[in-house]
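The structure file coords_17.tsv is reproduced below (TSV, C-alpha atoms).
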```tsv
chain	number	residue	atom	x	y	z
T	1	MET	CA	0.00	0.00	0.00
T	2	ALA	CA	1.22	3.42	-0.83
T	3	ASN	CA	1.07	6.07	1.84
T	4	THR	CA	-0.50	9.44	1.46
T	5	THR	CA	1.18	12.07	3.56
T	6	ALA	CA	-0.52	15.02	5.13
T	7	ARG	CA	0.45	18.21	3.33
T	8	LYS	CA	3.03	20.13	5.30
T	9	SER	CA	3.27	23.86	5.01
T	10	ARG	CA	6.53	24.65	3.24
T	11	PRO	CA	8.47	27.92	3.49
T	12	GLY	CA	7.57	30.25	0.66
T	13	GLU	CA	4.32	28.44	-0.02
T	14	ASN	CA	2.19	31.37	0.93
T	15	MET	CA	4.39	33.88	-0.87
T	16	ARG	CA	2.36	36.02	-3.21
T	17	LEU	CA	3.47	37.76	-6.37
T	18	VAL	CA	3.71	41.11	-4.58
T	19	ASP	CA	6.19	39.54	-2.11
T	20	ALA	CA	8.16	37.93	-4.91
T	21	LEU	CA	8.46	41.24	-6.72
T	22	GLY	CA	10.40	42.59	-3.73
T	23	TYR	CA	13.36	40.39	-4.70
T	24	ARG	CA	15.90	41.26	-7.40
T	25	LEU	CA	15.39	38.81	-10.25
T	26	PRO	CA	18.74	37.34	-11.38
T	27	LEU	CA	19.36	37.14	-15.14
T	28	ALA	CA	18.90	33.35	-15.05
T	29	GLY	CA	15.46	34.03	-13.56
T	30	LEU	CA	14.72	36.53	-16.32
T	31	VAL	CA	15.66	33.95	-18.98
T	32	SER	CA	13.42	31.44	-17.20
T	33	ILE	CA	10.30	33.61	-17.07
T	34	LEU	CA	10.88	34.76	-20.67
T	35	HIS	CA	11.16	31.08	-21.66
T	36	ARG	CA	7.63	30.62	-20.31
T	37	GLY	CA	6.35	33.89	-21.73
T	38	SER	CA	7.74	33.17	-25.21
T	39	GLY	CA	6.25	29.67	-25.15
T	40	LEU	CA	2.85	31.03	-24.13
T	41	LEU	CA	3.01	33.71	-26.84
T	42	MET	CA	3.70	31.10	-29.54
T	43	PHE	CA	0.87	28.92	-28.19
T	44	VAL	CA	-1.60	31.82	-28.37
T	45	LEU	CA	-0.44	32.85	-31.87
T	46	LEU	CA	-0.32	29.28	-33.22
T	47	PRO	CA	-3.25	29.88	-35.63
T	48	PHE	CA	-1.39	32.89	-37.10
T	49	ILE	CA	1.74	30.75	-37.55
T	50	ILE	CA	-0.25	28.05	-39.34
T	51	TRP	CA	-2.05	30.72	-41.40
T	52	MET	CA	1.39	31.93	-42.55
T	53	PHE	CA	2.38	28.35	-43.39
T	54	ASP	CA	-0.93	27.77	-45.20
T	55	THR	CA	-0.95	30.88	-47.39
T	56	SER	CA	2.78	30.78	-48.15
T	57	VAL	CA	2.88	27.19	-49.46
T	58	THR	CA	-0.61	26.45	-50.82
T	59	SER	CA	-0.49	28.23	-54.20
T	60	GLU	CA	1.14	31.08	-56.06
T	61	ILE	CA	-2.02	33.15	-55.54
T	62	THR	CA	-2.08	32.63	-51.76
T	63	TYR	CA	1.69	33.29	-51.71
T	64	GLY	CA	0.89	36.69	-53.22
T	65	GLN	CA	-1.73	37.29	-50.52
T	66	PHE	CA	0.83	36.30	-47.90
T	67	THR	CA	3.40	38.86	-49.06
T	68	SER	CA	0.76	41.56	-49.55
T	69	VAL	CA	-0.49	41.19	-45.96
T	70	PHE	CA	2.97	42.16	-44.72
T	71	ALA	CA	3.42	44.91	-47.30
T	72	HIS	CA	-0.03	46.52	-47.21
T	73	GLY	CA	-1.79	45.07	-44.14
T	74	ALA	CA	-5.05	43.16	-43.90
T	75	TRP	CA	-8.22	42.85	-41.78
T	76	GLY	CA	-7.93	46.57	-41.01
T	77	ILE	CA	-4.49	46.06	-39.44
T	78	PRO	CA	-1.60	48.00	-41.03
T	79	GLY	CA	1.29	46.00	-42.49
T	80	PHE	CA	3.91	47.27	-40.06
T	81	LEU	CA	1.85	46.00	-37.11
T	82	ILE	CA	1.61	42.54	-38.68
T	83	LYS	CA	5.38	42.68	-39.26
T	84	LEU	CA	5.78	43.61	-35.59
T	85	VAL	CA	3.73	40.57	-34.51
T	86	ALA	CA	5.88	38.39	-36.79
T	87	LEU	CA	8.99	39.94	-35.23
T	88	ALA	CA	7.66	39.18	-31.74
T	89	LEU	CA	7.23	35.57	-32.88
T	90	ILE	CA	10.78	35.54	-34.27
T	91	TRP	CA	12.12	36.74	-30.91
T	92	ALA	CA	9.93	34.23	-29.04
T	93	TYR	CA	11.20	31.37	-31.21
T	94	LEU	CA	14.86	32.38	-30.88
T	95	HIS	CA	14.69	32.96	-27.13
T	96	HIS	CA	12.79	29.73	-26.56
T	97	LEU	CA	15.23	27.75	-28.73
T	98	ILE	CA	18.40	29.16	-27.17
T	99	ALA	CA	17.05	28.98	-23.60
T	100	GLY	CA	16.03	25.38	-24.37
T	101	LEU	CA	19.51	24.47	-25.63
T	102	ARG	CA	20.89	26.02	-22.42
T	103	HIS	CA	18.56	23.73	-20.46
T	104	LEU	CA	19.66	20.64	-22.40
T	105	TRP	CA	23.30	21.55	-21.78
T	106	MET	CA	22.63	21.83	-18.05
T	107	ASP	CA	20.77	18.50	-18.13
T	108	MET	CA	23.80	16.77	-19.65
T	109	SER	CA	26.66	18.46	-17.85
T	110	HIS	CA	26.91	18.64	-14.07
T	111	ALA	CA	29.72	21.17	-14.46
T	112	ALA	CA	27.24	23.51	-16.13
T	113	VAL	CA	24.99	23.52	-13.09
T	114	SER	CA	26.72	26.35	-11.27
T	115	LYS	CA	25.96	29.94	-10.35
T	116	GLU	CA	28.62	31.22	-12.75
T	117	PHE	CA	27.47	29.18	-15.75
T	118	GLY	CA	23.87	30.08	-14.98
T	119	GLN	CA	24.75	33.77	-15.07
T	120	THR	CA	27.01	33.79	-18.16
T	121	SER	CA	24.78	31.45	-20.19
T	122	ALA	CA	21.78	33.63	-19.28
T	123	ILE	CA	23.59	36.70	-20.66
T	124	VAL	CA	24.53	34.78	-23.83
T	125	THR	CA	20.90	33.64	-24.28
T	126	LEU	CA	19.49	37.16	-23.89
T	127	VAL	CA	22.12	38.84	-26.08
T	128	VAL	CA	22.16	36.28	-28.92
T	129	SER	CA	18.36	36.13	-29.17
T	130	VAL	CA	18.00	39.93	-29.17
T	131	VAL	CA	20.84	40.49	-31.67
T	132	LEU	CA	19.45	37.87	-34.08
T	133	THR	CA	15.94	39.35	-33.66
T	134	LEU	CA	17.25	42.84	-34.50
T	135	ALA	CA	19.10	41.49	-37.55
T	136	LEU	CA	16.00	39.67	-38.83
T	137	GLY	CA	13.86	42.69	-37.93
T	138	ALA	CA	16.07	44.87	-40.14
T	139	LYS	CA	15.60	42.36	-42.97
T	140	LEU	CA	11.83	42.25	-42.36
T	141	PHE	CA	11.31	46.01	-42.25
T	142	PHE	CA	13.99	47.52	-44.51
T	143	PHE	CA	15.10	44.99	-47.15
O	1	MET	CA	14.62	8.15	7.62
O	2	ALA	CA	11.39	6.40	6.73
O	3	GLN	CA	11.32	4.52	3.46
O	4	THR	CA	9.51	6.61	0.85
O	5	TYR	CA	9.98	4.41	-2.23
O	6	GLY	CA	8.66	1.08	-3.52
O	7	SER	CA	5.42	-0.01	-1.88
O	8	LYS	CA	5.78	2.73	0.74
O	9	ARG	CA	6.29	5.51	-1.76
O	10	THR	CA	4.83	8.92	-1.04
O	11	VAL	CA	1.88	9.45	-3.31
O	12	VAL	CA	2.18	12.85	-4.97
O	13	GLY	CA	0.61	12.29	-8.38
O	14	ALA	CA	0.79	10.20	-11.50
O	15	HIS	CA	4.04	8.88	-13.00
O	16	TYR	CA	6.05	11.56	-11.15
O	17	GLY	CA	6.61	13.72	-14.20
O	18	LEU	CA	9.58	11.78	-15.62
O	19	ARG	CA	7.74	10.86	-18.81
O	20	ASP	CA	6.70	14.49	-19.37
O	21	TRP	CA	10.16	15.79	-18.56
O	22	LEU	CA	11.81	13.37	-21.00
O	23	SER	CA	9.27	13.81	-23.80
O	24	GLN	CA	9.65	17.59	-23.54
O	25	ARG	CA	13.41	17.24	-24.12
O	26	VAL	CA	13.17	14.62	-26.86
O	27	THR	CA	10.60	16.67	-28.79
O	28	ALA	CA	12.68	19.83	-28.26
O	29	THR	CA	15.74	18.14	-29.77
O	30	LEU	CA	13.69	16.94	-32.72
O	31	MET	CA	12.34	20.44	-33.38
O	32	ALA	CA	15.81	21.98	-33.07
O	33	LEU	CA	17.12	19.52	-35.69
O	34	PHE	CA	14.13	20.32	-37.94
O	35	THR	CA	14.92	24.03	-37.59
O	36	LEU	CA	18.48	23.32	-38.73
O	37	ALA	CA	17.30	21.22	-41.71
O	38	LEU	CA	14.83	23.93	-42.78
O	39	LEU	CA	17.39	26.71	-42.30
O	40	VAL	CA	19.94	24.96	-44.53
O	41	GLN	CA	17.35	24.68	-47.31
O	42	VAL	CA	16.14	28.28	-46.93
O	43	LEU	CA	19.64	29.77	-46.80
O	44	TRP	CA	20.88	27.70	-49.76
O	45	PRO	CA	22.07	30.19	-52.43
O	46	GLY	CA	19.54	31.21	-55.06
O	47	GLU	CA	16.42	33.29	-55.48
O	48	MET	CA	13.66	32.62	-52.91
O	49	GLY	CA	10.13	32.61	-54.25
O	50	TYR	CA	6.96	30.56	-54.16
O	51	ASP	CA	8.25	27.62	-56.24
O	52	ARG	CA	11.32	27.10	-54.10
O	53	TRP	CA	9.54	27.66	-50.76
O	54	ALA	CA	6.69	25.26	-51.57
O	55	GLY	CA	9.19	22.85	-53.14
O	56	ILE	CA	10.97	22.48	-49.80
O	57	PHE	CA	7.82	21.09	-48.17
O	58	SER	CA	6.58	19.05	-51.13
O	59	ARG	CA	9.47	16.56	-51.03
O	60	GLN	CA	8.33	13.34	-49.39
O	61	TRP	CA	11.13	13.11	-46.80
O	62	MET	CA	10.45	16.70	-45.75
O	63	LYS	CA	6.71	15.97	-45.50
O	64	VAL	CA	7.37	13.01	-43.22
O	65	LEU	CA	9.82	15.06	-41.13
O	66	THR	CA	7.43	18.02	-40.88
O	67	PHE	CA	4.57	15.73	-39.91
O	68	THR	CA	6.70	14.23	-37.13
O	69	VAL	CA	7.64	17.70	-35.94
O	70	ILE	CA	3.96	18.77	-35.82
O	71	VAL	CA	3.23	15.78	-33.57
O	72	ALA	CA	6.32	16.58	-31.48
O	73	LEU	CA	5.12	20.19	-31.15
O	74	LEU	CA	1.74	18.95	-29.94
O	75	VAL	CA	3.35	16.92	-27.14
O	76	HIS	CA	5.90	19.63	-26.29
O	77	VAL	CA	3.35	22.44	-26.01
O	78	TRP	CA	1.00	20.27	-23.99
O	79	VAL	CA	3.70	19.60	-21.37
O	80	GLY	CA	4.65	23.29	-21.26
O	81	MET	CA	1.09	24.58	-21.03
O	82	ARG	CA	0.26	21.98	-18.39
O	83	ASP	CA	3.24	23.24	-16.34
O	84	ILE	CA	2.06	26.82	-16.68
O	85	LEU	CA	-1.52	25.95	-15.70
O	86	MET	CA	-0.37	23.85	-12.73
O	87	ASP	CA	1.75	26.77	-11.48
O	88	TYR	CA	-0.63	29.67	-11.90
O	89	VAL	CA	-4.20	28.35	-12.03
O	90	LYS	CA	-5.07	26.98	-8.59
O	91	GLY	CA	-8.81	26.44	-8.95
O	92	VAL	CA	-9.56	22.87	-10.08
O	93	GLY	CA	-12.50	23.88	-12.29
O	94	ALA	CA	-10.70	26.71	-14.04
O	95	ARG	CA	-7.59	24.56	-14.52
O	96	LEU	CA	-9.53	21.68	-16.04
O	97	THR	CA	-11.38	24.06	-18.35
O	98	LEU	CA	-8.12	25.64	-19.53
O	99	GLN	CA	-6.50	22.22	-19.95
O	100	VAL	CA	-9.38	21.06	-22.13
O	101	PHE	CA	-9.16	24.34	-24.10
O	102	THR	CA	-5.40	23.78	-24.56
O	103	ILE	CA	-5.98	20.28	-25.96
O	104	VAL	CA	-8.76	21.45	-28.31
O	105	TRP	CA	-6.59	24.38	-29.48
O	106	LEU	CA	-3.55	22.17	-30.07
O	107	VAL	CA	-5.33	19.28	-31.78
O	108	GLY	CA	-7.23	21.74	-33.99
O	109	CYS	CA	-4.06	23.58	-34.97
O	110	ALA	CA	-2.19	20.32	-35.63
O	111	GLY	CA	-5.03	19.09	-37.86
O	112	TRP	CA	-4.94	22.31	-39.88
O	113	ALA	CA	-1.15	22.17	-40.26
O	114	ILE	CA	-1.25	18.52	-41.39
O	115	GLN	CA	-4.01	19.33	-43.89
O	116	VAL	CA	-1.88	22.13	-45.39
O	117	LEU	CA	1.14	19.83	-45.54
O	118	TRP	CA	-0.61	16.87	-47.13
O	119	ARG	CA	-2.36	18.66	-49.95
O	120	LEU	CA	0.96	19.96	-51.28
```

Let me see the file written as structure tokens.
Amino acid sequence: MANTTARKSRPGENMRLVDALGYRLPLAGLVSILHRGSGLLMFVLLPFIIWMFDTSVTSEITYGQFTSVFAHGAWGIPGFLIKLVALALIWAYLHHLIAGLRHLWMDMSHAAVSKEFGQTSAIVTLVVSVVLTLALGAKLFFF
Amino acid sequence: MAQTYGSKRTVVGAHYGLRDWLSQRVTATLMALFTLALLVQVLWPGEMGYDRWAGIFSRQWMKVLTFTVIVALLVHVWVGMRDILMDYVKGVGARLTLQVFTIVWLVGCAGWAIQVLWRL
């Protein structure tokens, strides 16, 4: 027979968000919450992602509609706003991918599970994802 | 210390999360490799237009790979969304409702994506 244990009150259990906000969030913590946020954003915008896939591959006519939505807008939304949403998705994908690779590295290497590696790899994750997003944003908006 | 494994294990939930943890990592690796495969084909020198873009997905091996990645995405997002809901939504009714919504949303999206892929 398996035992069920009575729930014990653990320290921090009753901490609310307002209490948590009183602490300085380390960069590793920032990467962590952005990992969640970026994942949630991509989940919410999944129909838009599949719409892009659909219109861009289905036919030459829909491909034309796809490019025109970004150039001239659609559904009453201006093109630059749709480009901005696409750029947010690009950032979300890059951040989620790089933060995920960082996780896999830490899963495989015990040496990587340290305060120092956590800090430096967090900086690398944030910088690389933002730099690549800016580069692709320049391509999306200006070229 | 009291024995908390085997027949005297502490009951905290189903399958202790190992299966979810592992499937999240396996699917992540698969999607990262897919990203690499797609990137190589997109960045290959030459003019990018409809014919080339659609051509990438119309090859049979790419269709099979993309299909697998859509299924991997389904599993991956389910684990992630379940984690988020377990952490932030404490009411059982609201959590179950959102979990059901997540599954409907994901299965619907996956169906649409597979439809697009398979009529190419």

Proximity to Gln115 in chain O - best of T:Gly37, T:Val131, T:Leu46, T:Asp54, all atoms listed in the file: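 Under the stated criterion, the closest residue is T:Asp54.
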
Near-Ala112 in chain T list (10 Å; only C-alpha atoms; drop same-chain fewer than 6 positions) as a ChimeraX atom specification: /T:102-103,105-106,118,121

Two-atom distance - CA of Thr58 in chain T, CA of Leu41 in chain T (Å):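 Taking CA of Thr58 in chain T as the start and CA of Leu41 in chain T as the end point, the length is 25.3 Å.
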
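You will find CA of Val57 in chain T at 4.8 Å from CA of Ala54 in chain O.
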
Distance-based interface of chain T with chain O, 9 Å, counting only C-alpha atoms, as an NGL selection string: :T and (1-5 or 36 or 39-40 or 43 or 46-47 or 50-51 or 53-54 or 56-60 or 63-64 or 97 or 100-101 or 104)

Nearby residues, (1.6, 18.3, -35.6) file frame, 8 Å, only C-alpha atoms, as a PyMOL selection string: chain O and resi 66-74+107+109-111+113-114

Counting all atoms listed in the file, what is within 12 Å of Glu116 in chain T, bar same-chain residues fewer than 4 positions away, as a JSON list (two decimals) with C-alpha atoms, keeping the file's coordinate frame?
```
[["chain", "number", "residue", "atom", "x", "y", "z"],
["T", 26, "PRO", "CA", 18.74, 37.34, -11.38],
["T", 27, "LEU", "CA", 19.36, 37.14, -15.14],
["T", 28, "ALA", "CA", 18.90, 33.35, -15.05],
["T", 111, "ALA", "CA", 29.72, 21.17, -14.46],
["T", 112, "ALA", "CA", 27.24, 23.51, -16.13],
["T", 120, "THR", "CA", 27.01, 33.79, -18.16],
["T", 121, "SER", "CA", 24.78, 31.45, -20.19],
["T", 122, "ALA", "CA", 21.78, 33.63, -19.28],
["T", 123, "ILE", "CA", 23.59, 36.70, -20.66]]
```

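CA of Met52 in chain T is found 25.5 Å from CA of Val100 in chain O.
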
So which residues touch Asp20 in chain O within 9 Å, counting all atoms listed in the file, skipping near sequence neighbours fewer than 5 positions away, as a CSV table (one decimal) with C-alpha atoms, in the frame of the given file?
```csv
chain,number,residue,atom,x,y,z
O,15,HIS,CA,4.0,8.9,-13.0
O,25,ARG,CA,13.4,17.2,-24.1
O,75,VAL,CA,3.4,16.9,-27.1
O,76,HIS,CA,5.9,19.6,-26.3
O,79,VAL,CA,3.7,19.6,-21.4
```

Since the input has fewer atoms than a full residue there, write range 73-93 of chain T out with N, CA and C atoms, as a PDB file, keeping the file's coordinate frame.
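Written output follows (rebuild-v9.pdb):
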```pdb
ATOM      1  N   GLY T  73      -0.853  45.305 -45.241  1.00  0.00           N
ATOM      2  CA  GLY T  73      -1.790  45.070 -44.140  1.00  0.00           C
ATOM      3  C   GLY T  73      -3.013  44.291 -44.594  1.00  0.00           C
ATOM      4  N   ALA T  74      -3.829  43.901 -43.611  1.00  0.00           N
ATOM      5  CA  ALA T  74      -5.050  43.160 -43.900  1.00  0.00           C
ATOM      6  C   ALA T  74      -5.947  43.202 -42.666  1.00  0.00           C
ATOM      7  N   TRP T  75      -7.221  42.872 -42.850  1.00  0.00           N
ATOM      8  CA  TRP T  75      -8.220  42.850 -41.780  1.00  0.00           C
ATOM      9  C   TRP T  75      -8.236  44.167 -40.990  1.00  0.00           C
ATOM     10  N   GLY T  76      -7.949  45.270 -41.676  1.00  0.00           N
ATOM     11  CA  GLY T  76      -7.930  46.570 -41.010  1.00  0.00           C
ATOM     12  C   GLY T  76      -6.695  46.831 -40.165  1.00  0.00           C
ATOM     13  N   ILE T  77      -5.727  45.882 -40.211  1.00  0.00           N
ATOM     14  CA  ILE T  77      -4.490  46.060 -39.440  1.00  0.00           C
ATOM     15  C   ILE T  77      -3.389  46.497 -40.411  1.00  0.00           C
ATOM     16  N   PRO T  78      -2.679  47.580 -40.116  1.00  0.00           N
ATOM     17  CA  PRO T  78      -1.600  48.000 -41.030  1.00  0.00           C
ATOM     18  C   PRO T  78      -0.466  46.986 -41.103  1.00  0.00           C
ATOM     19  N   GLY T  79       0.229  46.974 -42.244  1.00  0.00           N
ATOM     20  CA  GLY T  79       1.290  46.000 -42.490  1.00  0.00           C
ATOM     21  C   GLY T  79       2.389  46.005 -41.450  1.00  0.00           C
ATOM     22  N   PHE T  80       2.779  47.220 -41.001  1.00  0.00           N
ATOM     23  CA  PHE T  80       3.910  47.270 -40.060  1.00  0.00           C
ATOM     24  C   PHE T  80       3.555  46.606 -38.732  1.00  0.00           C
ATOM     25  N   LEU T  81       2.267  46.655 -38.355  1.00  0.00           N
ATOM     26  CA  LEU T  81       1.850  46.000 -37.110  1.00  0.00           C
ATOM     27  C   LEU T  81       1.916  44.474 -37.242  1.00  0.00           C
ATOM     28  N   ILE T  82       1.532  43.987 -38.441  1.00  0.00           N
ATOM     29  CA  ILE T  82       1.610  42.540 -38.680  1.00  0.00           C
ATOM     30  C   ILE T  82       3.072  42.100 -38.698  1.00  0.00           C
ATOM     31  N   LYS T  83       3.930  42.976 -39.289  1.00  0.00           N
ATOM     32  CA  LYS T  83       5.380  42.680 -39.260  1.00  0.00           C
ATOM     33  C   LYS T  83       5.890  42.641 -37.823  1.00  0.00           C
ATOM     34  N   LEU T  84       5.360  43.546 -36.993  1.00  0.00           N
ATOM     35  CA  LEU T  84       5.780  43.610 -35.590  1.00  0.00           C
ATOM     36  C   LEU T  84       5.390  42.339 -34.837  1.00  0.00           C
ATOM     37  N   VAL T  85       4.185  41.818 -35.137  1.00  0.00           N
ATOM     38  CA  VAL T  85       3.730  40.570 -34.510  1.00  0.00           C
ATOM     39  C   VAL T  85       4.646  39.422 -34.968  1.00  0.00           C
ATOM     40  N   ALA T  86       4.982  39.419 -36.274  1.00  0.00           N
ATOM     41  CA  ALA T  86       5.880  38.390 -36.790  1.00  0.00           C
ATOM     42  C   ALA T  86       7.256  38.490 -36.126  1.00  0.00           C
ATOM     43  N   LEU T  87       7.699  39.741 -35.886  1.00  0.00           N
ATOM     44  CA  LEU T  87       8.990  39.940 -35.230  1.00  0.00           C
ATOM     45  C   LEU T  87       8.956  39.454 -33.786  1.00  0.00           C
ATOM     46  N   ALA T  88       7.828  39.677 -33.106  1.00  0.00           N
ATOM     47  CA  ALA T  88       7.660  39.180 -31.740  1.00  0.00           C
ATOM     48  C   ALA T  88       7.746  37.653 -31.736  1.00  0.00           C
ATOM     49  N   LEU T  89       7.164  37.030 -32.767  1.00  0.00           N
ATOM     50  CA  LEU T  89       7.230  35.570 -32.880  1.00  0.00           C
ATOM     51  C   LEU T  89       8.661  35.102 -33.157  1.00  0.00           C
ATOM     52  N   ILE T  90       9.380  35.881 -33.979  1.00  0.00           N
ATOM     53  CA  ILE T  90      10.780  35.540 -34.270  1.00  0.00           C
ATOM     54  C   ILE T  90      11.598  35.581 -32.978  1.00  0.00           C
ATOM     55  N   TRP T  91      11.401  36.648 -32.193  1.00  0.00           N
ATOM     56  CA  TRP T  91      12.120  36.740 -30.910  1.00  0.00           C
ATOM     57  C   TRP T  91      11.736  35.569 -30.007  1.00  0.00           C
ATOM     58  N   ALA T  92      10.413  35.301 -29.915  1.00  0.00           N
ATOM     59  CA  ALA T  92       9.930  34.230 -29.040  1.00  0.00           C
ATOM     60  C   ALA T  92      10.569  32.894 -29.423  1.00  0.00           C
ATOM     61  N   TYR T  93      10.631  32.632 -30.749  1.00  0.00           N
ATOM     62  CA  TYR T  93      11.200  31.370 -31.210  1.00  0.00           C
ATOM     63  C   TYR T  93      12.688  31.286 -30.851  1.00  0.00           C
TER      64      TYR T  93
END
```
